Amino acid sequence: MLYYSRGSEHDNLNTDDLKQGLHAALETLGKRQKVLALPPDITRLHSRAGELTRYAWQYYGKAMTDVLPALGTHFAMTEPEIQKMFGDVPAGLFRIHDWRNGFATLGEVPPAYIREVSEGKLDWSWPAQVSKLIAEGGHDLILSFGQVVPHEVIGMASYNKNIFVGTGGSEGINKSHFLGACYGMERIMGRADTPVRKVLNYASDHFARHLPFVHALTVVGATQAGPVTRGLFISDDIECFHKACELALKVNFTMLDEPLKKVVVYLDPEEFKSTWLGNKSIYRTRMAMADGGELIVLAPGLKEFGEDKGIDRMIRKYGYVGTPKVLQLVQDNEDLRSSLGAAAHLIHGSTEGRFSVTYCPGSLTKQEIESVNMQHADLRTMMAQYDPKKLQNGPNTVAGEDIFYISNPGLGLWSTRARFK
């Protein structure tokens with residue numbers, strides 16, 4: 001059932017709009033005794049999910065007993081990050097998702113279905129795993145907050161991805177990422193109906209109907225003045241996701257007539273601290289890049305490769321070496337076979353030799369960057385040459401050179417018309 005729907009590509013929902021919209025939906029739901037909130041973490045700071053969680057807490061008061069950020073494999077949020085994103089929501093309500101041990105398996109998507117959606121590329125079952133707090137917490141309402149935006153693993157982010165990946169277990173997360181990588185990222189991004197989404201929908205329909213989920217999804221666009229909220233959709237089924245996807249394609253997708261020869265991307269240091277996240281600069285621009293083009297990534301917060309020590313180790317060991325080589329490495333190495341999420345990331349982050357990537361990191365050294373098959377440049381030098389404060393999103397001319405600037409790759413998808421078919 002759809003409880004709230006507002007949005008257009010020119011709308012601009014302010015704080016009062018979000019609060020009133022959410023509270024109107026919650027009023028329709030009626031009284032609840034024990035509420036769990038599932039927002040994304042600090043890596044989705046611009047989603048407005050932090051504010052929505054705060055408004056839900058203000059509405060329910062003591063009935064909101066738990067807030068579980070959907071970390072996936074990311075690092076747990078720090079106290080300053082929690083305060084920045086969620087304001088005065090009591091710190092004592094926050095729980096930390098343990099993706100290695102703290103999950104329950106609701107059921108198994110059968111191999112025949114995985115074989116069907118992967119076009120025969122994979123032949124194993126997929127475990128529908130969620131946090132034990134979801135499966136065993138006894139809540140009579142689970143509010144899942146998120147932002148729908150083009151995504152490299154699943155096509156369009158959020159909805160049940162927030163649950164089965166954001167609070168999932170290691171096997172479910174790893175296999176979902178690998179399924180997306182094997183199917184092909186450029187066949188997935190910007191599309192609502194993809195193999196990974198089909199698997200998650202199968203799990204929702206067959207194993208999770210007894211759980212009291214309500215989804216509140218935003219659509220956020222990038223402007224010169226900063227992120228702007230274009231839509232809010234709330235339902236207890238997939239309808240809110242479909243409405244948000246329809247709007248996100250208008251708000252977050254930039255279609256180009258010609259490929260881009262030089263792109264400069266800025267990574268907000270509060271949001272992007274690893275290439276696991278920072279490689280959105282590659283994912284979201286790859287369908288727009290010209291053959292032989294250059295992608296420059298200004299990354300002042302970059303201090304590691306993975307958001308998890310084990311994944312960081314895999315990235316350092318194997319590097320971004322292209323799809324055929326990564327698939328061979330998976331066959332030849334047990335540690336990578338046991339970390340298919342890392343393998344998928346290595347595929348996603350590889351340009352297949354079609355264009356170059358130059359990282360300008362705040363903390364990682366030149367040797368570290370080059371060891372994973374990326375180019376390195378000095379951050380201070382490049383920030384002076386391509387000053388984010390002076391650049392506008394889109395085409396710019398810098399010292400006679402034409403570049404295309406993107407202030408936040410997480411808020412969009414860029415492609416030529418020829419590549420998005």
# chains A, B, ... in the order shown; residues from 1 in each chain; ligands from 1
call {"tool": "closest_atom_pairs", "arguments": {"of": "stretch 175-259 of chain A", "to": "stretch 276-284 of chain A", "cutoff": "9 Å", "atoms": "only C-alpha atoms", "output": "Markdown table"}}
result
| residue | atom | partner | partner_atom | distance |
| --- | --- | --- | --- | --- |
| A:Met185 | CA | A:Tyr283 | CA | 8.0 |
| A:Glu186 | CA | A:Tyr283 | CA | 8.6 |
| A:Met189 | CA | A:Arg284 | CA | 8.1 |
call {"tool": "write_last_selection", "arguments": {"atoms": "C-alpha atoms", "output": "PDB file, in the first residue's frame"}}
result
ATOM      1  CA  MET A 185      27.721  -3.540 -14.636  1.00  0.00           C
ATOM      2  CA  GLU A 186      26.957  -1.567 -17.797  1.00  0.00           C
ATOM      3  CA  MET A 189      23.268   0.578 -13.874  1.00  0.00           C
TER       4      MET A 189
END
call {"tool": "residues_around", "arguments": {"residues": "A:Thr15", "least_positions_apart": "3", "cutoff": "12 Å", "atoms": "only C-alpha atoms", "output": "JSON, numbers by chain"}}
result
{"A": [12, 18, 19, 20, 21, 22, 48, 49, 50, 51, 52, 54, 55, 228, 229, 232]}
call {"tool": "write_last_selection", "arguments": {"atoms": "C-alpha atoms", "output": "tab-separated table (two decimals), in the first residue's frame"}}
result
chain	number	residue	atom	x	y	z
A	12	ASN	CA	12.35	20.79	-3.67
A	18	LEU	CA	9.84	15.61	4.80
A	19	LYS	CA	8.61	15.65	8.38
A	20	GLN	CA	4.99	16.25	7.44
A	21	GLY	CA	5.09	13.60	4.71
A	22	LEU	CA	6.58	10.95	6.98
A	48	ARG	CA	18.07	12.65	4.08
A	49	ALA	CA	17.60	9.29	5.82
A	50	GLY	CA	19.21	10.67	8.96
A	51	GLU	CA	16.57	13.38	9.20
A	52	LEU	CA	13.75	10.95	8.45
A	54	ARG	CA	14.96	11.59	13.60
A	55	TYR	CA	11.41	12.52	12.61
A	228	VAL	CA	18.21	18.93	-3.40
A	229	THR	CA	15.48	16.47	-2.43
A	232	LEU	CA	9.65	11.13	-1.06
call {"tool": "atom_distance", "arguments": {"atom1": "atom CA of A:Ala208", "atom2": "atom CA of A:Tyr183"}}
result
25.6 Å
call {"tool": "atom_distance", "arguments": {"atom1": "atom CA of A:Pro227", "atom2": "atom CA of A:Leu411"}}
result
8.3 Å
call {"tool": "select_by_dssp", "arguments": {"residues": "stretch 76-262 of chain A", "states": "strand (DSSP E)", "output": "PyMOL selection string"}}
result
chain A and resi 103-109+126-131+141-147+150-151+155-156+213-223+226-235+253-256+260-262
call {"tool": "closest_residue", "arguments": {"among": "A:Pro300, A:Val398, A:Asp140, A:Ala56", "to": "A:Arg32", "atoms": "only C-alpha atoms"}}
result
A:Asp140
